[in-house]
file query_20.cif (mmCIF, C-alpha atoms and all ligand atoms)
data_run
#
loop_
_atom_site.group_PDB
_atom_site.id
_atom_site.type_symbol
_atom_site.label_atom_id
_atom_site.label_comp_id
_atom_site.auth_asym_id
_atom_site.auth_seq_id
_atom_site.Cartn_x
_atom_site.Cartn_y
_atom_site.Cartn_z
ATOM 1 C CA MET L 3 17.196 141.359 -30.647
ATOM 2 C CA VAL L 4 15.693 142.922 -33.742
ATOM 3 C CA SER L 5 12.317 144.038 -35.027
ATOM 4 C CA ALA L 6 11.047 142.567 -38.289
ATOM 5 C CA ALA L 7 12.097 145.775 -40.099
ATOM 6 C CA GLN L 8 15.621 145.585 -38.656
ATOM 7 C CA ALA L 9 15.817 141.871 -39.511
ATOM 8 C CA ARG L 10 14.851 142.674 -43.099
ATOM 9 C CA GLU L 11 17.701 145.173 -43.430
ATOM 10 C CA LYS L 12 20.309 143.070 -41.616
ATOM 11 C CA TYR L 13 19.578 139.721 -43.253
ATOM 12 C CA ASP L 14 19.035 141.202 -46.724
ATOM 13 C CA GLN L 15 22.661 142.352 -46.489
ATOM 14 C CA LEU L 16 23.892 138.957 -45.275
ATOM 15 C CA VAL L 17 22.126 136.903 -47.941
ATOM 16 C CA ASP L 18 25.186 136.061 -50.073
ATOM 17 C CA ARG L 19 27.485 135.127 -47.190
ATOM 18 C CA TYR L 20 25.032 133.888 -44.542
ATOM 19 C CA GLU L 21 25.741 130.161 -44.566
ATOM 20 C CA GLU L 22 29.447 130.772 -45.169
ATOM 21 C CA ILE L 23 29.689 132.847 -41.974
ATOM 22 C CA PHE L 24 27.249 130.779 -39.898
ATOM 23 C CA PHE L 25 28.501 127.506 -41.341
ATOM 24 C CA TYR L 26 27.019 125.349 -38.564
ATOM 25 C CA VAL L 27 23.364 126.192 -39.307
ATOM 26 C CA GLY L 28 23.047 123.350 -41.830
ATOM 27 C CA THR L 29 24.104 120.727 -39.282
ATOM 28 C CA VAL L 30 21.899 122.202 -36.563
ATOM 29 C CA GLY L 31 18.929 122.507 -38.977
ATOM 30 C CA GLN L 32 19.302 118.817 -39.779
ATOM 31 C CA ARG L 33 19.497 117.890 -36.073
ATOM 32 C CA LEU L 34 16.461 120.076 -35.317
ATOM 33 C CA VAL L 35 14.279 118.424 -37.938
ATOM 34 C CA GLU L 36 15.434 114.963 -36.834
ATOM 35 C CA PHE L 37 14.500 115.931 -33.257
ATOM 36 C CA ALA L 38 11.016 116.993 -34.431
ATOM 37 C CA ALA L 39 10.739 113.805 -36.539
ATOM 38 C CA PRO L 40 7.963 114.781 -38.985
ATOM 39 C CA ALA L 41 6.365 111.975 -41.003
ATOM 40 C CA PRO L 42 6.881 112.091 -44.788
ATOM 41 C CA GLY L 43 4.281 114.375 -46.343
ATOM 42 C CA SER L 44 3.979 116.563 -43.221
ATOM 43 C CA ARG L 45 3.135 120.211 -43.783
ATOM 44 C CA VAL L 46 6.131 122.070 -42.383
ATOM 45 C CA LEU L 47 6.433 125.803 -41.715
ATOM 46 C CA ASP L 48 10.056 127.035 -41.577
ATOM 47 C CA VAL L 49 9.870 130.257 -39.536
ATOM 48 C CA GLY L 50 12.706 132.737 -40.177
ATOM 49 C CA ALA L 51 13.979 130.323 -42.804
ATOM 50 C CA GLY L 52 17.082 132.261 -43.882
ATOM 51 C CA ARG L 53 18.888 130.376 -46.647
ATOM 52 C CA GLY L 54 16.967 127.208 -45.811
ATOM 53 C CA ALA L 55 18.932 125.111 -43.298
ATOM 54 C CA VAL L 56 15.719 123.740 -41.772
ATOM 55 C CA THR L 57 13.877 123.673 -45.103
ATOM 56 C CA ARG L 58 16.535 121.434 -46.691
ATOM 57 C CA ALA L 59 16.327 118.935 -43.852
ATOM 58 C CA ALA L 60 12.508 118.833 -44.002
ATOM 59 C CA LEU L 61 12.539 118.381 -47.775
ATOM 60 C CA GLY L 62 15.003 115.537 -47.270
ATOM 61 C CA LEU L 63 12.379 113.767 -45.130
ATOM 62 C CA GLY L 64 9.740 114.155 -47.831
ATOM 63 C CA CYS L 65 7.847 117.023 -46.183
ATOM 64 C CA SER L 66 5.979 119.788 -47.944
ATOM 65 C CA VAL L 67 7.607 123.068 -46.875
ATOM 66 C CA THR L 68 6.389 126.634 -46.558
ATOM 67 C CA ALA L 69 9.172 129.071 -45.643
ATOM 68 C CA VAL L 70 8.721 132.579 -44.253
ATOM 69 C CA ASP L 71 11.311 135.209 -43.429
ATOM 70 C CA ALA L 72 11.324 138.944 -42.740
ATOM 71 C CA SER L 73 14.082 139.300 -45.334
ATOM 72 C CA PRO L 74 12.720 139.287 -48.924
ATOM 73 C CA LYS L 75 16.210 138.554 -50.265
ATOM 74 C CA MET L 76 16.610 135.458 -48.096
ATOM 75 C CA ILE L 77 13.236 134.167 -49.282
ATOM 76 C CA ALA L 78 13.986 134.942 -52.941
ATOM 77 C CA ARG L 79 17.283 133.019 -52.717
ATOM 78 C CA LEU L 80 15.679 130.103 -50.867
ATOM 79 C CA VAL L 81 12.961 129.715 -53.517
ATOM 80 C CA GLU L 82 15.576 130.003 -56.268
ATOM 81 C CA ASP L 83 17.509 127.146 -54.642
ATOM 82 C CA HIS L 84 14.380 125.105 -53.818
ATOM 83 C CA PRO L 85 11.576 125.887 -56.301
ATOM 84 C CA GLU L 86 9.362 123.240 -54.690
ATOM 85 C CA VAL L 87 9.093 125.409 -51.548
ATOM 86 C CA THR L 88 6.389 128.018 -51.022
ATOM 87 C CA GLY L 89 8.373 131.022 -49.822
ATOM 88 C CA VAL L 90 6.809 134.203 -48.458
ATOM 89 C CA ALA L 91 8.416 137.332 -47.013
ATOM 90 C CA MET L 92 6.475 137.797 -43.798
ATOM 91 C CA ASP L 93 6.798 138.948 -40.195
ATOM 92 C CA ALA L 94 6.551 135.815 -38.053
ATOM 93 C CA ALA L 95 4.594 137.801 -35.472
ATOM 94 C CA HIS L 96 1.754 138.091 -38.019
ATOM 95 C CA LEU L 97 1.572 134.785 -39.883
ATOM 96 C CA ASP L 98 -0.813 135.015 -42.791
ATOM 97 C CA PHE L 99 -1.956 131.370 -42.576
ATOM 98 C CA ALA L 100 -5.147 129.683 -41.429
ATOM 99 C CA ASP L 101 -5.462 128.183 -37.948
ATOM 100 C CA GLY L 102 -4.155 124.622 -37.819
ATOM 101 C CA ALA L 103 -2.518 124.790 -41.269
ATOM 102 C CA PHE L 104 0.731 122.982 -40.319
ATOM 103 C CA ASP L 105 1.897 119.737 -38.721
ATOM 104 C CA LEU L 106 5.308 121.108 -37.743
ATOM 105 C CA ALA L 107 6.615 124.651 -37.272
ATOM 106 C CA ALA L 108 10.398 124.844 -36.947
ATOM 107 C CA ALA L 109 12.640 127.849 -36.404
ATOM 108 C CA GLY L 110 16.429 127.497 -36.531
ATOM 109 C CA PHE L 111 18.245 130.181 -34.494
ATOM 110 C CA VAL L 112 15.341 132.615 -34.781
ATOM 111 C CA VAL L 113 13.736 133.028 -31.346
ATOM 112 C CA GLN L 114 16.958 134.512 -29.993
ATOM 113 C CA VAL L 115 16.910 137.384 -32.504
ATOM 114 C CA LEU L 116 13.229 138.300 -32.094
ATOM 115 C CA ASP L 117 12.250 141.382 -30.122
ATOM 116 C CA ASP L 118 8.940 139.711 -29.185
ATOM 117 C CA PRO L 119 9.371 135.901 -29.121
ATOM 118 C CA ALA L 120 6.095 135.478 -27.197
ATOM 119 C CA ALA L 121 4.118 137.032 -30.069
ATOM 120 C CA VAL L 122 5.766 134.713 -32.597
ATOM 121 C CA LEU L 123 5.198 131.608 -30.434
ATOM 122 C CA GLY L 124 1.547 132.630 -30.099
ATOM 123 C CA GLU L 125 1.233 132.743 -33.873
ATOM 124 C CA VAL L 126 3.073 129.426 -34.261
ATOM 125 C CA HIS L 127 0.652 127.858 -31.778
ATOM 126 C CA ARG L 128 -2.303 129.169 -33.764
ATOM 127 C CA VAL L 129 -1.131 127.861 -37.163
ATOM 128 C CA LEU L 130 -0.280 124.380 -35.821
ATOM 129 C CA ARG L 131 -2.983 121.720 -35.857
ATOM 130 C CA PRO L 132 -3.834 120.126 -32.506
ATOM 131 C CA GLY L 133 -1.080 117.564 -31.937
ATOM 132 C CA GLY L 134 1.292 119.585 -34.139
ATOM 133 C CA ILE L 135 4.926 120.059 -33.116
ATOM 134 C CA VAL L 136 7.008 123.188 -32.643
ATOM 135 C CA ALA L 137 10.812 122.810 -32.840
ATOM 136 C CA LEU L 138 13.262 125.597 -32.070
ATOM 137 C CA SER L 139 17.025 125.905 -31.819
ATOM 138 C CA LEU L 140 18.703 128.411 -29.552
ATOM 139 C CA GLU L 141 22.369 129.336 -29.537
ATOM 140 C CA THR L 142 23.918 129.098 -26.095
ATOM 141 C CA GLN L 143 26.025 132.170 -25.422
ATOM 142 C CA SER L 144 29.007 131.823 -23.161
ATOM 143 C CA VAL L 145 32.131 133.871 -22.714
ATOM 144 C CA GLY L 146 34.242 130.727 -22.250
ATOM 145 C CA ARG L 147 37.863 131.290 -23.270
ATOM 146 C CA LEU L 148 36.982 134.705 -24.720
ATOM 147 C CA GLY L 149 37.069 136.369 -21.290
ATOM 148 C CA TRP L 150 40.018 138.523 -22.425
ATOM 149 C CA PHE L 151 37.880 139.826 -25.309
ATOM 150 C CA GLN L 152 35.079 140.754 -22.946
ATOM 151 C CA ASP L 153 37.581 142.630 -20.757
ATOM 152 C CA LEU L 154 38.965 144.450 -23.802
ATOM 153 C CA THR L 155 35.545 145.596 -24.967
ATOM 154 C CA LEU L 156 34.622 146.713 -21.456
ATOM 155 C CA GLU L 157 37.809 148.789 -21.398
ATOM 156 C CA PHE L 158 37.076 150.486 -24.727
ATOM 157 C CA PHE L 159 33.338 150.987 -24.453
ATOM 158 C CA ALA L 160 31.793 152.917 -21.622
ATOM 159 C CA PRO L 161 29.173 150.832 -19.805
ATOM 160 C CA SER L 162 26.719 153.705 -20.221
ATOM 161 C CA THR L 163 26.709 153.319 -24.027
ATOM 162 C CA GLU L 164 24.745 150.651 -25.823
ATOM 163 C CA ALA L 165 27.941 149.211 -27.263
ATOM 164 C CA GLY L 166 29.645 146.316 -25.583
ATOM 165 C CA PRO L 167 29.669 142.547 -25.576
ATOM 166 C CA PRO L 168 26.521 140.596 -24.788
ATOM 167 C CA PRO L 169 26.421 139.405 -21.191
ATOM 168 C CA PRO L 170 26.914 135.661 -20.784
ATOM 169 C CA ALA L 171 23.734 133.628 -20.661
ATOM 170 C CA ASP L 172 22.740 131.839 -17.500
ATOM 171 C CA ASP L 173 19.728 129.906 -16.388
ATOM 172 C CA SER L 174 18.164 132.715 -14.397
ATOM 173 C CA THR L 175 14.461 133.182 -14.872
ATOM 174 C CA GLU L 176 14.822 136.963 -14.906
ATOM 175 C CA GLN L 177 12.860 138.349 -17.850
ATOM 176 C CA THR L 178 15.602 140.560 -19.313
ATOM 177 C CA GLY L 179 18.748 139.910 -21.359
ATOM 178 C CA PRO L 180 19.339 137.192 -23.927
ATOM 179 C CA LEU L 181 16.800 134.411 -24.156
ATOM 180 C CA THR L 182 18.025 131.389 -22.171
ATOM 181 C CA HIS L 183 16.979 127.780 -22.714
ATOM 182 C CA ASP L 184 15.049 127.741 -19.419
ATOM 183 C CA ARG L 185 13.183 130.918 -20.317
ATOM 184 C CA LEU L 186 12.389 129.530 -23.752
ATOM 185 C CA ASP L 187 10.926 126.344 -22.247
ATOM 186 C CA ALA L 188 8.877 128.475 -19.824
ATOM 187 C CA LEU L 189 7.685 130.622 -22.733
ATOM 188 C CA LEU L 190 6.598 127.520 -24.650
ATOM 189 C CA ALA L 191 4.605 126.308 -21.636
ATOM 190 C CA ASP L 192 3.079 129.785 -21.108
ATOM 191 C CA THR L 193 1.999 129.834 -24.762
ATOM 192 C CA GLY L 194 0.033 126.637 -24.190
ATOM 193 C CA PHE L 195 2.444 124.009 -25.537
ATOM 194 C CA ALA L 196 2.777 120.656 -23.773
ATOM 195 C CA ASP L 197 5.466 117.950 -23.553
ATOM 196 C CA VAL L 198 8.329 120.460 -23.706
ATOM 197 C CA GLU L 199 11.619 118.616 -24.325
ATOM 198 C CA ARG L 200 15.170 119.811 -24.786
ATOM 199 C CA LEU L 201 18.369 118.429 -26.288
ATOM 200 C CA SER L 202 21.819 120.022 -25.978
ATOM 201 C CA ILE L 203 24.346 119.885 -28.770
ATOM 202 C CA GLU L 204 27.967 120.978 -28.729
ATOM 203 C CA MET L 205 30.082 121.826 -31.729
ATOM 204 C CA PRO L 206 33.514 123.242 -30.899
ATOM 205 C CA VAL L 207 34.585 125.732 -33.581
ATOM 206 C CA PRO L 208 38.337 125.691 -34.313
ATOM 207 C CA ILE L 209 39.684 129.046 -35.507
ATOM 208 C CA THR L 210 43.012 128.998 -37.343
ATOM 209 C CA ASP L 211 44.675 132.210 -36.160
ATOM 210 C CA PRO L 212 44.037 135.694 -34.638
ATOM 211 C CA PRO L 213 42.947 137.378 -37.942
ATOM 212 C CA ALA L 214 40.478 134.526 -38.508
ATOM 213 C CA LEU L 215 39.005 135.137 -35.039
ATOM 214 C CA TRP L 216 38.595 138.823 -35.929
ATOM 215 C CA ASP L 217 36.806 137.816 -39.161
ATOM 216 C CA TRP L 218 34.595 135.372 -37.227
ATOM 217 C CA LEU L 219 33.505 138.013 -34.716
ATOM 218 C CA LEU L 220 33.009 140.883 -37.197
ATOM 219 C CA PRO L 221 29.533 139.821 -38.391
ATOM 220 C CA ARG L 222 28.598 138.768 -34.849
ATOM 221 C CA GLY L 223 28.371 142.309 -33.461
ATOM 222 C CA LEU L 224 32.058 143.283 -33.507
ATOM 223 C CA ALA L 225 31.733 145.351 -36.706
ATOM 224 C CA GLU L 226 28.915 147.382 -35.160
ATOM 225 C CA ILE L 227 30.732 148.228 -31.930
ATOM 226 C CA HIS L 228 34.137 148.691 -33.597
ATOM 227 C CA GLY L 229 32.622 151.162 -36.049
ATOM 228 C CA THR L 230 31.514 153.416 -33.197
ATOM 229 C CA LEU L 231 35.132 154.100 -32.107
ATOM 230 C CA PRO L 232 37.132 157.108 -33.327
ATOM 231 C CA GLU L 233 39.708 156.083 -35.971
ATOM 232 C CA ASP L 234 42.799 156.083 -33.727
ATOM 233 C CA ARG L 235 41.007 154.051 -31.040
ATOM 234 C CA ARG L 236 39.781 151.668 -33.729
ATOM 235 C CA ALA L 237 43.363 150.849 -34.773
ATOM 236 C CA GLU L 238 44.428 150.477 -31.133
ATOM 237 C CA PHE L 239 41.497 148.154 -30.426
ATOM 238 C CA HIS L 240 42.401 146.015 -33.432
ATOM 239 C CA THR L 241 46.052 145.748 -32.356
ATOM 240 C CA ARG L 242 45.123 144.852 -28.788
ATOM 241 C CA PHE L 243 42.570 142.322 -30.053
ATOM 242 C CA LEU L 244 45.158 140.554 -32.196
ATOM 243 C CA ALA L 245 47.569 140.451 -29.240
ATOM 244 C CA GLY L 246 44.882 138.937 -26.981
ATOM 245 C CA ALA L 247 43.953 136.395 -29.632
ATOM 246 C CA GLN L 248 47.627 135.487 -30.118
ATOM 247 C CA THR L 249 47.907 134.721 -26.385
ATOM 248 C CA MET L 250 44.826 132.501 -26.679
ATOM 249 C CA HIS L 251 46.333 130.846 -29.758
ATOM 250 C CA ASP L 252 49.613 130.152 -27.943
ATOM 251 C CA ASP L 253 47.736 128.897 -24.906
ATOM 252 C CA GLY L 254 46.149 125.797 -26.452
ATOM 253 C CA GLY L 255 44.710 127.178 -29.679
ATOM 254 C CA ILE L 256 41.620 129.225 -30.561
ATOM 255 C CA THR L 257 38.666 126.912 -30.203
ATOM 256 C CA LEU L 258 35.300 128.448 -29.451
ATOM 257 C CA ASP L 259 32.772 126.566 -27.357
ATOM 258 C CA PHE L 260 29.819 126.743 -29.701
ATOM 259 C CA ALA L 261 26.727 125.095 -28.240
ATOM 260 C CA ALA L 262 23.015 125.111 -28.902
ATOM 261 C CA THR L 263 19.854 123.652 -27.462
ATOM 262 C CA LEU L 264 17.015 122.110 -29.437
ATOM 263 C CA HIS L 265 13.504 122.582 -28.007
ATOM 264 C CA ARG L 266 10.466 120.593 -29.001
ATOM 265 C CA ALA L 267 6.876 120.840 -27.761
ATOM 266 C CA ARG L 268 3.392 119.733 -28.817
ATOM 267 C CA ARG L 269 0.255 121.755 -29.347
ATOM 268 C CA PRO L 270 -2.387 119.902 -27.253
HETATM 269 C C1 LIG K 301 19.959 133.703 -37.436
HETATM 270 S S1 LIG K 301 18.969 133.658 -38.889
HETATM 271 C C2 LIG K 301 18.483 131.930 -38.983
HETATM 272 C C3 LIG K 301 18.137 131.498 -40.383
HETATM 273 C C4 LIG K 301 17.797 129.994 -40.553
HETATM 274 N N1 LIG K 301 16.632 129.621 -39.806
HETATM 275 C C5 LIG K 301 18.956 129.101 -40.182
HETATM 276 O O1 LIG K 301 18.820 128.226 -39.332
HETATM 277 O O2 LIG K 301 20.018 129.298 -40.773
HETATM 278 C C6 LIG K 301 17.489 134.438 -38.335
HETATM 279 C C7 LIG K 301 16.475 134.624 -39.459
HETATM 280 O O3 LIG K 301 15.250 135.063 -38.865
HETATM 281 C C8 LIG K 301 14.698 136.059 -39.698
HETATM 282 N N2 LIG K 301 13.811 136.904 -38.877
HETATM 283 C C9 LIG K 301 14.157 137.728 -37.869
HETATM 284 N N3 LIG K 301 13.080 138.336 -37.356
HETATM 285 C C10 LIG K 301 12.014 137.874 -38.060
HETATM 286 C C11 LIG K 301 10.614 138.112 -38.007
HETATM 287 N N4 LIG K 301 10.066 138.961 -37.109
HETATM 288 N N5 LIG K 301 9.835 137.475 -38.887
HETATM 289 C C12 LIG K 301 10.352 136.611 -39.802
HETATM 290 N N6 LIG K 301 11.664 136.341 -39.892
HETATM 291 C C13 LIG K 301 12.483 136.964 -39.038
HETATM 292 C C14 LIG K 301 15.894 136.800 -40.252
HETATM 293 O O4 LIG K 301 15.579 137.550 -41.408
HETATM 294 C C15 LIG K 301 16.877 135.659 -40.482
HETATM 295 O O5 LIG K 301 16.793 135.139 -41.786
#
call {"tool": "encode", "arguments": {"input": "query_20.cif", "output": "structure tokens", "more": "lines below"}}
Ligand SMILES: C[S@@+](CC[C@H](N)C(=O)[O-])C[C@H]1O[C@@H](n2cnc3c(N)ncnc32)[C@H](O)[C@@H]1O
result
Amino acid sequence: MVSAAQAREKYDQLVDRYEEIFFYVGTVGQRLVEFAAPAPGSRVLDVGAGRGAVTRAALGLGCSVTAVDASPKMIARLVEDHPEVTGVAMDAAHLDFADGAFDLAAAGFVVQVLDDPAAVLGEVHRVLRPGGIVALSLETQSVGRLGWFQDLTLEFFAPSTEAGPPPPADDSTEQTGPLTHDRLDALLADTGFADVERLSIEMPVPITDPPALWDWLLPRGLAEIHGTLPEDRRAEFHTRFLAGAQTMHDDGGITLDFAATLHRARRP
């Protein structure tokens, strides 16, 4: 979870490679907009737009799109690619738009990275017209067949440090840890949204070999924790990682269970 300032720094750095690394966002953005089903000409706000996965899908349906993101570089690239879009670098917790300005507010894989999702949902509620729709996608985290990787990181990183793998998501209503789909639905209802609906999507991600798994995990938190190790431990971790991944590869191949949920609700 990141503040708007941290998001700016992180996503500014990722701008050139973002959709190459997170290659599924285009498909999920398309599914999210289809789930929200805006009429042609709808005024759509893409919140945390990134390189424009949701924006592209909304434009494809003939909507008029405003895109905001904490990262000025993401917004600059998005507007370069789609000059018809109004793009503004902005913290989604402080949306500089009038009440009721939009028919649909959509956020692809954003709520999970926010340090205060309730504040952002409150703002989204305010800028939607009565009857307007909010649509959100949330990545479902699961350890799945990467249990060996979790064990390896636990071995190398003391539990008392901040480093370590994210705990697997579950459906508990406890208010700490990664945002779960149940907690997100509850948050939508608490914010005042009605008719909360959810759709699950699964997209298995095949990874070719152990080095490719390393490359896949690097921008997903591995680089940060690996960088905290002393040099000799870093090399040992890498070697052990590749051995663990090779076992996974030999035992049916490296396929990650990528899944997401789409959430839709209406402002009464
Ligand atoms: C995981 S990316 C998703 C990008 C895009 N929606 C997609 O589906 O590919 C999260 C995006 O949210 C943006 N973001 C994070 N915190 C934000 C905030 N407080 N206000 C606005 N944007 C934020 C990041 O800069 C980043 O571009």
call {"tool": "closest_residue", "arguments": {"input": "query_20.cif", "among": "L:Val87, L:Leu47, L:Met92, L:Ala100", "to": "ligand LIG 301 (chain K)", "atoms": "all atoms listed in the file"}}
result
L:Met92
call {"tool": "residues_near_ligand", "arguments": {"input": "query_20.cif", "ligand": "ligand LIG 301 (chain K)", "cutoff": "8 Å", "atoms": "all atoms listed in the file", "output": "ChimeraX atom specification"}}
result
/L:4-10,12-14,20-21,24,27-28,30-31,48-56,70-73,76,91-95,109-113,115-117,122
call {"tool": "write_last_selection", "arguments": {"input": "query_20.cif", "atoms": "C-alpha atoms", "output": "mmCIF file, in the frame of the given file"}}
result
data_model
loop_
_atom_site.group_PDB
_atom_site.id
_atom_site.type_symbol
_atom_site.label_atom_id
_atom_site.label_comp_id
_atom_site.auth_asym_id
_atom_site.auth_seq_id
_atom_site.Cartn_x
_atom_site.Cartn_y
_atom_site.Cartn_z
ATOM 1 C CA VAL L 4 15.693 142.922 -33.742
ATOM 2 C CA SER L 5 12.317 144.038 -35.027
ATOM 3 C CA ALA L 6 11.047 142.567 -38.289
ATOM 4 C CA ALA L 7 12.097 145.775 -40.099
ATOM 5 C CA GLN L 8 15.621 145.585 -38.656
ATOM 6 C CA ALA L 9 15.817 141.871 -39.511
ATOM 7 C CA ARG L 10 14.851 142.674 -43.099
ATOM 8 C CA LYS L 12 20.309 143.070 -41.616
ATOM 9 C CA TYR L 13 19.578 139.721 -43.253
ATOM 10 C CA ASP L 14 19.035 141.202 -46.724
ATOM 11 C CA TYR L 20 25.032 133.888 -44.542
ATOM 12 C CA GLU L 21 25.741 130.161 -44.566
ATOM 13 C CA PHE L 24 27.249 130.779 -39.898
ATOM 14 C CA VAL L 27 23.364 126.192 -39.307
ATOM 15 C CA GLY L 28 23.047 123.350 -41.830
ATOM 16 C CA VAL L 30 21.899 122.202 -36.563
ATOM 17 C CA GLY L 31 18.929 122.507 -38.977
ATOM 18 C CA ASP L 48 10.056 127.035 -41.577
ATOM 19 C CA VAL L 49 9.870 130.257 -39.536
ATOM 20 C CA GLY L 50 12.706 132.737 -40.177
ATOM 21 C CA ALA L 51 13.979 130.323 -42.804
ATOM 22 C CA GLY L 52 17.082 132.261 -43.882
ATOM 23 C CA ARG L 53 18.888 130.376 -46.647
ATOM 24 C CA GLY L 54 16.967 127.208 -45.811
ATOM 25 C CA ALA L 55 18.932 125.111 -43.298
ATOM 26 C CA VAL L 56 15.719 123.740 -41.772
ATOM 27 C CA VAL L 70 8.721 132.579 -44.253
ATOM 28 C CA ASP L 71 11.311 135.209 -43.429
ATOM 29 C CA ALA L 72 11.324 138.944 -42.740
ATOM 30 C CA SER L 73 14.082 139.300 -45.334
ATOM 31 C CA MET L 76 16.610 135.458 -48.096
ATOM 32 C CA ALA L 91 8.416 137.332 -47.013
ATOM 33 C CA MET L 92 6.475 137.797 -43.798
ATOM 34 C CA ASP L 93 6.798 138.948 -40.195
ATOM 35 C CA ALA L 94 6.551 135.815 -38.053
ATOM 36 C CA ALA L 95 4.594 137.801 -35.472
ATOM 37 C CA ALA L 109 12.640 127.849 -36.404
ATOM 38 C CA GLY L 110 16.429 127.497 -36.531
ATOM 39 C CA PHE L 111 18.245 130.181 -34.494
ATOM 40 C CA VAL L 112 15.341 132.615 -34.781
ATOM 41 C CA VAL L 113 13.736 133.028 -31.346
ATOM 42 C CA VAL L 115 16.910 137.384 -32.504
ATOM 43 C CA LEU L 116 13.229 138.300 -32.094
ATOM 44 C CA ASP L 117 12.250 141.382 -30.122
ATOM 45 C CA VAL L 122 5.766 134.713 -32.597
#
call {"tool": "closest_residue", "arguments": {"input": "query_20.cif", "among": "L:Leu190, L:Leu244, L:Ala60, L:Val81", "to": "Glu125 (chain L)", "atoms": "all atoms listed in the file"}}
result
L:Leu190
call {"tool": "atom_distance", "arguments": {"input": "query_20.cif", "atom1": "CA of Met205 (chain L)", "atom2": "CA of Leu258 (chain L)"}}
result
8.7 Å
call {"tool": "atom_distance", "arguments": {"input": "query_20.cif", "atom1": "CA of His240 (chain L)", "atom2": "CA of Pro213 (chain L)"}}
result
9.8 Å
call {"tool": "atom_distance", "arguments": {"input": "query_20.cif", "atom1": "CA of Val90 (chain L)", "atom2": "CA of Leu181 (chain L)"}}
result
26.3 Å
call {"tool": "residues_around", "arguments": {"input": "query_20.cif", "residues": "Leu106 (chain L)", "least_positions_apart": "4", "cutoff": "9 Å", "atoms": "only C-alpha atoms", "output": "NGL selection string"}}
result
:L and (38 or 40 or 44-48 or 130-131 or 134-137)
call {"tool": "closest_residue", "arguments": {"input": "query_20.cif", "among": "L:Val126, L:Leu80, L:Ile256, L:Ala262", "to": "Asp211 (chain L)", "atoms": "only C-alpha atoms"}}
result
L:Ile256
call {"tool": "resolve_selection", "arguments": {"input": "query_20.cif", "expression": "the PyMOL selection byres (((chain L and resi 206) around 12) and not hetatm)", "output": "list of chain:residue names"}}
result
L:Tyr26, L:Gly146, L:Arg147, L:Ile203, L:Glu204, L:Met205, L:Val207, L:Pro208, L:Ile209, L:Gly255, L:Ile256, L:Thr257, L:Leu258, L:Asp259, L:Phe260, L:Ala261, L:Ala262
call {"tool": "closest_residue", "arguments": {"input": "query_20.cif", "among": "L:Ala245, L:Pro85, L:Gln114, L:Ala59", "to": "Glu36 (chain L)", "atoms": "all atoms listed in the file"}}
result
L:Ala59
call {"tool": "closest_residue", "arguments": {"input": "query_20.cif", "among": "L:Phe195, L:Phe158, L:Phe99, L:Phe37", "to": "Ser139 (chain L)", "atoms": "all atoms listed in the file"}}
result
L:Phe37
call {"tool": "resolve_selection", "arguments": {"input": "query_20.cif", "expression": "the PyMOL selection byres (((chain L and resi 41) around 8) and not hetatm)", "output": "list in words"}}
result
Ala39, Pro40, Pro42, Gly43, Ser44, Leu63, Gly64 and Cys65 of chain L
call {"tool": "axis_aligned_box", "arguments": {"input": "query_20.cif", "around": "region 37-40 of chain L", "padding_each_side": "4 Å", "output": "lines of an AutoDock Vina configuration file"}}
result
center_x = 11.2
center_y = 115.4
center_z = -36.1
size_x = 14.5
size_y = 11.2
size_z = 13.7
call {"tool": "closest_residue", "arguments": {"input": "query_20.cif", "among": "L:Thr249, L:Thr230, L:Thr241, L:Thr263", "to": "Ser202 (chain L)", "atoms": "all atoms listed in the file"}}
result
L:Thr263
call {"tool": "resolve_selection", "arguments": {"input": "query_20.cif", "expression": "the PyMOL selection byres (((chain L and resi 129) around 6) and not hetatm)", "output": "PDB file with C-alpha atoms, keeping the file's coordinate frame"}}
result
ATOM      1  CA  ASP L 101      -5.462 128.183 -37.948  1.00  0.00           C
ATOM      2  CA  GLY L 102      -4.155 124.622 -37.819  1.00  0.00           C
ATOM      3  CA  ALA L 103      -2.518 124.790 -41.269  1.00  0.00           C
ATOM      4  CA  VAL L 126       3.073 129.426 -34.261  1.00  0.00           C
ATOM      5  CA  HIS L 127       0.652 127.858 -31.778  1.00  0.00           C
ATOM      6  CA  ARG L 128      -2.303 129.169 -33.764  1.00  0.00           C
ATOM      7  CA  LEU L 130      -0.280 124.380 -35.821  1.00  0.00           C
TER       8      LEU L 130
END
